[in-house]
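Below is input-v9.cif, holding mmCIF, C-alpha atoms.
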data_upload
#
loop_
_atom_site.label_atom_id
_atom_site.label_comp_id
_atom_site.auth_asym_id
_atom_site.auth_seq_id
_atom_site.Cartn_x
_atom_site.Cartn_y
_atom_site.Cartn_z
CA MET A 82 119.41 90.52 84.45
CA ASP A 83 119.92 93.63 86.54
CA ILE A 84 120.45 93.34 90.29
CA GLU A 85 117.23 92.81 92.25
CA ASN A 86 115.99 95.67 94.41
CA LEU A 87 114.71 93.50 97.26
CA ASN A 88 114.34 96.44 99.66
CA LEU A 89 111.96 98.14 97.24
CA LYS A 90 110.02 94.89 96.81
CA ARG A 91 109.59 94.53 100.58
CA CYS A 92 108.56 98.17 100.87
CA LEU A 93 105.88 97.73 98.19
CA VAL A 94 104.55 94.66 100.01
CA LEU A 95 104.26 96.68 103.24
CA GLN A 96 102.67 99.57 101.36
CA SER A 97 100.01 97.32 99.83
CA PHE A 98 98.44 96.81 103.27
CA ALA A 99 97.91 100.53 103.83
CA PRO A 100 94.17 100.29 102.98
CA LEU A 101 93.79 97.62 105.67
CA PHE A 102 95.39 99.79 108.34
CA LEU A 103 93.55 102.90 107.21
CA LEU A 104 90.25 101.07 107.71
CA LEU A 105 91.42 99.59 111.02
CA PHE A 106 92.53 103.04 112.18
CA MET A 107 89.11 104.49 111.36
CA LYS A 108 87.36 101.54 112.99
CA HIS A 109 89.25 101.44 116.28
CA LEU A 110 90.37 105.01 116.94
CA ASP A 111 88.81 106.39 120.13
CA ILE A 112 91.05 109.14 121.50
CA SER A 113 89.10 109.85 124.68
CA LEU A 114 88.98 106.16 125.61
CA TYR A 115 92.69 105.72 124.90
CA LEU A 116 93.58 108.74 127.00
CA LYS A 117 91.67 107.15 129.87
CA LEU A 118 93.55 103.88 129.26
CA VAL A 119 96.93 105.64 129.33
CA HIS A 120 95.92 107.56 132.44
CA ARG A 121 94.84 104.32 134.15
CA PHE A 122 98.08 102.62 133.13
CA TRP A 123 100.15 105.48 134.55
CA GLU A 124 98.09 105.60 137.74
CA VAL A 125 98.57 101.88 138.40
CA LEU A 126 102.25 102.08 137.42
CA VAL A 127 102.89 104.81 139.99
CA ASN A 128 100.96 103.03 142.73
CA THR A 129 101.79 99.35 142.19
CA GLY A 130 104.67 99.15 139.73
CA ILE A 131 104.96 96.08 137.52
CA SER A 132 101.31 95.03 137.73
CA ALA A 133 100.39 98.04 135.57
CA PHE A 134 101.15 96.08 132.40
CA SER A 135 98.77 93.34 133.45
CA VAL A 136 96.05 95.91 134.05
CA ALA A 137 96.58 97.45 130.62
CA VAL A 138 96.61 94.09 128.83
CA ASN A 139 93.39 93.01 130.50
CA HIS A 140 91.62 96.25 129.62
CA VAL A 141 88.78 95.72 127.11
CA SER A 142 90.25 98.31 124.72
CA PHE A 143 93.89 97.16 124.83
CA GLY A 144 93.71 95.38 121.45
CA SER A 145 92.09 98.35 119.73
CA PHE A 146 94.68 100.66 121.30
CA ILE A 147 97.59 98.57 119.96
CA ILE A 148 96.01 98.30 116.48
CA SER A 149 95.54 102.09 116.37
CA ILE A 150 99.23 102.62 117.16
CA ILE A 151 100.34 100.03 114.59
CA SER A 152 97.99 101.55 111.98
CA THR A 153 99.39 105.03 112.54
CA ILE A 154 102.99 103.83 112.17
CA TRP A 155 102.10 101.71 109.11
CA LEU A 156 100.40 104.65 107.37
CA ILE A 157 103.39 106.91 108.02
CA ILE A 158 105.69 104.25 106.53
CA THR A 159 103.36 104.01 103.51
CA ILE A 160 103.67 107.75 102.85
CA VAL A 161 107.48 107.54 103.07
CA ILE A 162 107.51 104.58 100.64
CA ALA A 163 105.21 106.41 98.20
CA LEU A 164 107.52 109.44 98.18
CA GLY A 165 110.50 107.15 97.69
CA PHE A 166 108.84 105.32 94.80
CA ASN A 167 108.08 108.62 93.10
CA GLY A 168 111.68 109.72 93.57
CA MET A 169 112.94 106.40 92.20
CA GLN A 170 111.61 107.35 88.76
CA LYS A 171 114.26 110.02 88.31
CA ALA A 172 117.40 107.88 88.22
CA GLY A 173 118.83 104.44 87.57
CA PHE A 174 116.97 103.54 84.40
CA LYS A 175 118.64 101.60 81.62
CA SER A 176 118.02 102.43 77.98
CA ALA A 177 119.39 99.87 75.52
CA GLY A 178 117.25 100.64 72.48
CA GLU A 179 114.81 97.88 73.42
CA GLN A 180 111.23 97.60 72.23
CA ILE A 181 108.40 95.64 73.79
CA ILE A 182 105.05 94.17 72.86
CA ILE A 183 102.30 94.30 75.47
CA LYS A 184 100.53 91.00 76.11
CA ASP A 185 97.93 92.09 78.67
CA SER A 186 97.02 95.20 80.61
CA PRO A 187 94.63 94.25 83.46
CA ASN A 188 93.03 97.06 85.43
CA ASP A 189 91.68 95.04 88.36
CA SER A 190 94.87 93.85 90.08
CA GLY A 191 94.45 96.32 92.96
CA ALA A 192 90.84 95.22 93.52
CA THR A 193 91.88 91.56 93.41
CA PHE A 194 94.53 92.20 96.06
CA LEU A 195 92.02 93.96 98.31
CA VAL A 196 89.49 91.13 98.09
CA THR A 197 92.10 88.37 98.48
CA TYR A 198 94.36 89.72 101.21
CA VAL A 199 92.93 92.85 102.85
CA LEU A 200 89.22 92.23 103.45
CA PRO A 201 89.69 88.83 105.19
CA LEU A 202 92.09 90.44 107.69
CA LEU A 203 89.71 93.34 108.27
CA THR A 204 87.07 91.01 109.68
CA ASP A 205 89.37 89.52 112.32
CA ASP A 206 88.74 90.20 116.02
CA VAL A 207 91.57 92.36 117.36
CA GLU A 208 90.00 93.64 120.57
CA SER A 209 90.92 90.66 122.73
CA VAL A 210 94.57 89.82 123.36
CA ARG A 211 94.16 86.40 121.78
CA GLY A 212 92.45 87.91 118.73
CA LEU A 213 95.21 90.50 118.43
CA ILE A 214 97.91 87.81 118.50
CA VAL A 215 96.08 85.74 115.86
CA PHE A 216 95.64 88.81 113.64
CA LEU A 217 99.31 89.81 113.88
CA THR A 218 100.40 86.21 113.22
CA MET A 219 98.21 86.00 110.12
CA LEU A 220 99.45 89.39 108.92
CA ILE A 221 103.10 88.34 109.28
CA MET A 222 102.41 85.09 107.41
CA VAL A 223 100.71 86.91 104.53
CA VAL A 224 103.49 89.53 104.30
CA LEU A 225 106.14 86.78 104.21
CA LEU A 226 104.15 84.92 101.54
CA LEU A 227 103.91 88.02 99.35
CA THR A 228 107.60 88.82 99.87
CA ARG A 229 108.46 85.39 98.48
CA SER A 230 106.17 85.76 95.46
CA ASN A 231 105.92 88.21 92.57
CA THR A 232 102.39 89.43 93.35
CA PHE A 233 103.74 92.51 95.13
CA TYR A 234 103.03 94.54 91.99
CA GLN A 235 99.28 94.04 92.62
CA ASN A 236 99.48 97.00 94.93
CA PRO A 237 96.19 98.88 95.52
CA VAL A 238 98.08 101.97 96.69
CA LEU A 239 100.01 102.13 93.41
CA SER A 240 96.70 101.79 91.56
CA ALA A 241 95.30 104.70 93.59
CA MET A 242 98.41 106.70 92.70
CA LYS A 243 97.61 106.08 88.99
CA TYR A 244 100.34 103.55 88.33
CA ARG A 245 99.43 100.92 85.74
CA THR A 246 100.62 97.33 85.43
CA PHE A 247 100.90 95.23 82.29
CA SER A 248 102.58 92.08 81.00
CA PHE A 249 105.01 92.33 78.11
CA LYS A 250 107.72 90.60 76.08
CA PHE A 251 110.90 92.12 74.68
CA LEU A 252 111.14 92.34 70.89
CA ASN A 253 114.90 92.97 70.89
CA PRO A 254 116.14 92.19 74.42
CA SER A 255 119.54 93.38 75.58
CA ASN A 256 122.21 90.85 76.56
CA ASP A 257 121.44 91.26 80.28
CA ILE A 258 117.95 89.79 79.84
CA ALA A 259 118.54 86.17 80.87
CA TYR A 260 115.25 84.82 79.50
CA PRO A 261 114.41 86.76 76.32
CA GLU A 262 111.28 84.69 75.59
CA ARG A 263 109.78 85.19 79.04
CA THR A 264 106.73 87.33 79.70
CA TYR A 265 107.56 90.08 82.21
CA ILE A 266 105.51 92.48 84.32
CA GLY A 267 105.81 96.23 83.83
CA ILE A 268 104.79 99.12 86.09
CA THR A 269 104.38 102.57 84.57
CA TYR A 270 102.86 105.88 85.60
CA LYS A 271 99.54 107.17 84.18
CA THR A 272 100.10 106.94 80.43
CA SER A 273 100.22 103.67 78.53
CA ILE A 274 103.45 102.44 77.00
CA ALA A 275 103.61 102.83 73.23
CA GLU A 276 104.28 99.43 71.71
CA GLU A 277 107.35 98.99 69.50
CA ALA A 278 108.72 102.33 70.73
CA VAL A 279 112.07 102.39 72.54
CA ILE A 280 111.72 101.96 76.31
CA LYS A 281 113.83 102.53 79.39
CA ARG A 282 113.56 100.17 82.34
CA LYS A 283 114.51 99.60 85.97
CA TYR A 284 114.44 96.11 87.46
CA ILE A 285 112.73 95.47 90.81
CA SER A 286 112.51 91.69 91.34
CA ASP A 287 110.89 88.47 90.09
CA GLY A 288 110.54 89.64 86.51
CA VAL A 289 108.94 92.98 87.44
CA PHE A 290 110.23 96.22 85.88
CA VAL A 291 109.39 99.89 86.09
CA VAL A 292 109.05 100.83 82.40
CA TYR A 293 108.70 104.10 80.48
CA ASN A 294 109.01 105.14 76.87
CA ASP A 295 112.44 106.60 76.33
#

Can you turn what I pasted into C-alpha coordinates?
Amino acid sequence: MDIENLNLKRCLVLQSFAPLFLLLFMKHLDISLYLKLVHRFWEVLVNTGISAFSVAVNHVSFGSFIISIISTIWLIITIVIALGFNGMQKAGFKSAGEQIIIKDSPNDSGATFLVTYVLPLLTDDVESVRGLIVFLTMLIMVVLLLTRSNTFYQNPVLSAMKYRTFSFKFLNPSNDIAYPERTYIGITYKTSIAEEAVIKRKYISDGVFVVYND
(Lines of atoms letter the chains of each structure in order from A and count residues from 1; the text may use other names and numbers.)
(Lines give C-alpha, C1' and ligand atoms only; values in the text may rest on other atoms or scores of the structure.)
Protein backbone atom coordinates (compact mmCIF):
# COMPACT_ATOMS: atom_id res chain seq x y z
CA MET A 1 0.00 0.00 0.00
CA ASP A 2 1.20 3.51 -0.75
CA ILE A 3 2.28 5.80 2.08
CA GLU A 4 -0.63 7.41 3.94
CA ASN A 5 -1.17 11.13 3.48
CA LEU A 6 -2.21 11.84 7.07
CA ASN A 7 -1.86 15.62 6.69
CA LEU A 8 -4.39 15.59 3.86
CA LYS A 9 -6.73 13.41 5.92
CA ARG A 10 -6.59 15.85 8.84
CA CYS A 11 -7.14 18.78 6.50
CA LEU A 12 -10.24 17.14 5.01
CA VAL A 13 -11.61 16.52 8.51
CA LEU A 14 -11.15 20.22 9.36
CA GLN A 15 -12.67 21.24 6.04
CA SER A 16 -15.78 19.13 6.64
CA PHE A 17 -16.83 21.46 9.48
CA ALA A 18 -16.84 24.54 7.25
CA PRO A 19 -20.67 24.50 6.94
CA LEU A 20 -20.91 24.57 10.75
CA PHE A 21 -18.67 27.62 11.04
CA LEU A 22 -20.30 29.37 8.10
CA LEU A 23 -23.67 29.08 9.85
CA LEU A 24 -22.16 30.11 13.20
CA PHE A 25 -20.49 33.10 11.53
CA MET A 26 -23.82 34.20 10.04
CA LYS A 27 -25.61 33.61 13.33
CA HIS A 28 -23.23 35.46 15.66
CA LEU A 29 -21.62 38.18 13.56
CA ASP A 30 -22.49 41.64 14.88
CA ILE A 31 -19.76 44.08 13.82
CA SER A 32 -21.08 47.14 15.63
CA LEU A 33 -21.47 45.24 18.90
CA TYR A 34 -17.99 43.72 18.59
CA LEU A 35 -16.44 47.10 17.91
CA LYS A 36 -18.04 48.36 21.12
CA LEU A 37 -16.66 45.29 22.94
CA VAL A 38 -13.15 45.91 21.64
CA HIS A 39 -13.42 49.59 22.50
CA ARG A 40 -14.58 48.73 26.03
CA PHE A 41 -11.75 46.21 26.42
CA TRP A 42 -9.17 48.78 25.32
CA GLU A 43 -10.67 51.47 27.55
CA VAL A 44 -10.52 49.25 30.63
CA LEU A 45 -7.04 47.99 29.69
CA VAL A 46 -5.69 51.55 29.54
CA ASN A 47 -7.35 52.57 32.80
CA THR A 48 -7.04 49.48 35.00
CA GLY A 49 -4.63 47.08 33.31
CA ILE A 50 -5.05 43.36 33.92
CA SER A 51 -8.72 43.49 34.93
CA ALA A 52 -9.62 44.26 31.31
CA PHE A 53 -9.61 40.57 30.44
CA SER A 54 -12.08 39.84 33.20
CA VAL A 55 -14.37 42.57 31.89
CA ALA A 56 -14.21 41.17 28.36
CA VAL A 57 -14.85 37.58 29.48
CA ASN A 58 -17.87 38.62 31.52
CA HIS A 59 -19.38 40.60 28.66
CA VAL A 60 -22.62 39.05 27.37
CA SER A 61 -21.26 38.92 23.80
CA PHE A 62 -17.81 37.48 24.57
CA GLY A 63 -18.73 33.95 23.46
CA SER A 64 -20.25 35.14 20.19
CA PHE A 65 -17.20 37.32 19.58
CA ILE A 66 -14.80 34.38 20.02
CA ILE A 67 -16.94 32.10 17.81
CA SER A 68 -16.98 34.75 15.06
CA ILE A 69 -13.17 34.95 15.13
CA ILE A 70 -12.79 31.15 15.11
CA SER A 71 -15.34 30.86 12.28
CA THR A 72 -13.48 33.40 10.16
CA ILE A 73 -10.15 31.62 10.63
CA TRP A 74 -11.75 28.20 10.01
CA LEU A 75 -13.36 29.37 6.75
CA ILE A 76 -10.06 30.81 5.51
CA ILE A 77 -8.35 27.49 6.27
CA THR A 78 -11.14 25.68 4.39
CA ILE A 79 -10.52 27.77 1.26
CA VAL A 80 -6.78 27.03 1.44
CA ILE A 81 -7.48 23.29 1.82
CA ALA A 82 -9.91 23.33 -1.12
CA LEU A 83 -7.30 24.97 -3.35
CA GLY A 84 -4.71 22.46 -2.17
CA PHE A 85 -7.02 19.51 -2.85
CA ASN A 86 -7.65 20.78 -6.37
CA GLY A 87 -3.92 21.17 -6.93
CA MET A 88 -3.28 17.67 -5.59
CA GLN A 89 -5.03 16.21 -8.64
CA LYS A 90 -2.20 17.25 -10.94
CA ALA A 91 0.62 15.09 -9.58
CA GLY A 92 1.53 11.97 -7.65
CA PHE A 93 -0.91 9.50 -9.19
CA LYS A 94 0.06 5.91 -9.82
CA SER A 95 -1.03 4.09 -12.96
CA ALA A 96 -0.37 0.35 -12.92
CA GLY A 97 -2.87 -0.81 -15.53
CA GLU A 98 -5.43 -1.60 -12.84
CA GLN A 99 -9.16 -1.93 -13.36
CA ILE A 100 -11.91 -1.67 -10.78
CA ILE A 101 -15.51 -2.68 -10.29
CA ILE A 102 -17.77 -0.25 -8.46
CA LYS A 103 -19.79 -1.77 -5.61
CA ASP A 104 -21.80 1.26 -4.49
CA SER A 105 -22.02 4.95 -5.30
CA PRO A 106 -24.03 6.71 -2.55
CA ASN A 107 -24.96 10.35 -3.09
CA ASP A 108 -26.04 11.23 0.45
CA SER A 109 -22.77 10.97 2.40
CA GLY A 110 -22.45 14.76 2.69
CA ALA A 111 -26.03 15.08 3.98
CA THR A 112 -25.44 12.25 6.46
CA PHE A 113 -22.35 14.02 7.79
CA LEU A 114 -24.24 17.28 8.21
CA VAL A 115 -27.08 15.65 10.14
CA THR A 116 -24.78 13.50 12.29
CA TYR A 117 -21.97 15.89 13.19
CA VAL A 118 -22.76 19.48 12.17
CA LEU A 119 -26.36 20.18 13.15
CA PRO A 120 -26.02 18.93 16.77
CA LEU A 121 -23.08 21.31 17.32
CA LEU A 122 -24.99 24.19 15.74
CA THR A 123 -27.62 24.05 18.47
CA ASP A 124 -25.11 24.40 21.31
CA ASP A 125 -25.07 27.55 23.46
CA VAL A 126 -21.82 29.43 22.78
CA GLU A 127 -22.70 32.84 24.18
CA SER A 128 -21.80 32.08 27.79
CA VAL A 129 -18.21 31.23 28.72
CA ARG A 130 -19.26 27.83 30.04
CA GLY A 131 -21.26 27.11 26.88
CA LEU A 132 -18.30 28.17 24.74
CA ILE A 133 -15.94 25.82 26.61
CA VAL A 134 -18.40 22.91 26.28
CA PHE A 135 -18.83 23.60 22.55
CA LEU A 136 -15.08 23.75 21.89
CA THR A 137 -14.53 20.57 23.94
CA MET A 138 -17.20 18.71 21.98
CA LEU A 139 -15.79 20.00 18.69
CA ILE A 140 -12.27 18.81 19.57
CA MET A 141 -13.62 15.39 20.58
CA VAL A 142 -15.54 15.00 17.31
CA VAL A 143 -12.55 16.12 15.21
CA LEU A 144 -10.27 13.63 17.00
CA LEU A 145 -12.86 10.88 16.50
CA LEU A 146 -13.10 11.57 12.78
CA THR A 147 -9.31 11.77 12.45
CA ARG A 148 -9.08 8.25 13.88
CA SER A 149 -11.76 6.86 11.56
CA ASN A 150 -12.19 6.62 7.80
CA THR A 151 -15.38 8.70 7.60
CA PHE A 152 -13.43 11.81 6.62
CA TYR A 153 -14.39 11.18 2.99
CA GLN A 154 -18.03 12.01 3.91
CA ASN A 155 -17.12 15.62 3.44
CA PRO A 156 -20.04 17.97 2.62
CA VAL A 157 -17.65 20.57 1.20
CA LEU A 158 -16.26 18.04 -1.29
CA SER A 159 -19.84 17.17 -2.25
CA ALA A 160 -20.56 20.86 -2.83
CA MET A 161 -17.42 21.04 -4.98
CA LYS A 162 -18.87 18.20 -7.12
CA TYR A 163 -16.58 15.44 -5.89
CA ARG A 164 -18.19 12.01 -5.82
CA THR A 165 -17.48 9.06 -3.53
CA PHE A 166 -17.95 5.37 -4.26
CA SER A 167 -16.87 1.97 -2.99
CA PHE A 168 -14.92 -0.33 -5.28
CA LYS A 169 -12.79 -3.46 -5.58
CA PHE A 170 -9.71 -3.99 -7.74
CA LEU A 171 -10.06 -6.49 -10.58
CA ASN A 172 -6.30 -6.79 -11.14
CA PRO A 173 -4.61 -5.13 -8.14
CA SER A 174 -0.96 -4.16 -8.28
CA ASN A 175 1.53 -5.77 -5.89
CA ASP A 176 1.42 -2.76 -3.53
CA ILE A 177 -2.25 -3.41 -2.68
CA ALA A 178 -1.92 -5.33 0.58
CA TYR A 179 -5.52 -6.58 0.69
CA PRO A 180 -6.63 -7.27 -2.90
CA GLU A 181 -10.04 -8.61 -1.85
CA ARG A 182 -10.91 -5.58 0.28
CA THR A 183 -13.55 -3.04 -0.68
CA TYR A 184 -12.02 0.45 -0.88
CA ILE A 185 -13.42 3.98 -1.04
CA GLY A 186 -12.78 6.19 -4.05
CA ILE A 187 -13.09 9.95 -4.46
CA THR A 188 -13.34 11.39 -7.97
CA TYR A 189 -14.28 14.70 -9.54
CA LYS A 190 -17.61 15.26 -11.34
CA THR A 191 -17.69 12.39 -13.85
CA SER A 192 -18.25 8.78 -12.88
CA ILE A 193 -15.47 6.24 -13.19
CA ALA A 194 -15.87 3.88 -16.13
CA GLU A 195 -15.84 0.32 -14.80
CA GLU A 196 -13.24 -2.10 -16.15
CA ALA A 197 -11.32 0.81 -17.70
CA VAL A 198 -7.74 1.46 -16.57
CA ILE A 199 -7.53 3.83 -13.60
CA LYS A 200 -4.90 5.95 -11.89
CA ARG A 201 -4.97 6.40 -8.14
CA LYS A 202 -3.52 8.33 -5.20
CA TYR A 203 -3.75 6.94 -1.68
CA ILE A 204 -4.96 9.15 1.19
CA SER A 205 -5.53 6.92 4.25
CA ASP A 206 -7.68 4.13 5.70
CA GLY A 207 -8.46 2.53 2.37
CA VAL A 208 -9.50 5.81 0.70
CA PHE A 209 -8.11 6.74 -2.74
CA VAL A 210 -8.49 9.60 -5.17
CA VAL A 211 -9.31 7.77 -8.42
CA TYR A 212 -9.58 8.79 -12.08
CA ASN A 213 -9.73 6.95 -15.37
CA ASP A 214 -6.29 6.94 -16.90

- Among the residues A:Ser149, A:Ser176, A:Thr269, A:Thr264, the one that comes closest to Leu213 of chain A [using only C-alpha atoms]: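 Closest to Leu213 of chain A, using only C-alpha atoms: A:Ser149.
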
- Message: Calculated over only C-alpha atoms, which of the candidates A:Tyr265, A:Phe143, A:Tyr198, A:Phe174 has the smallest distance to Pro100 of chain A?
- Response: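 Distance minimum relative to Pro100 of chain A lands on A:Tyr198.
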
- Message: Expand the PyMOL selection byres ((chain A and resi 197) around 12) into the explicit residue set it covers here, and present it as a PyMOL selection string.
- Response: chain A and resi 98+101+190-196+198-203+223+227+232+235-237

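Ranking A:Ile280, A:Ile266, A:Val94, A:Ile154 by their shortest atom-to-atom distance to Lys184 of chain A, with only C-alpha atoms included, puts A:Ile266 first.
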
- For this file, the PyMOL selection byres ((chain A and resi 102-108) around 12) selects which residues, as number ranges by chain? A: 95-101, 109-112, 144-159, 195, 199-200, 202-208, 216, 220, 238

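Take the candidates A:Gly212, A:Pro187, A:Gly173, A:Gly178 and check each one against Asn86 of chain A using all atoms listed in the file; the shortest distance goes to A:Gly173.
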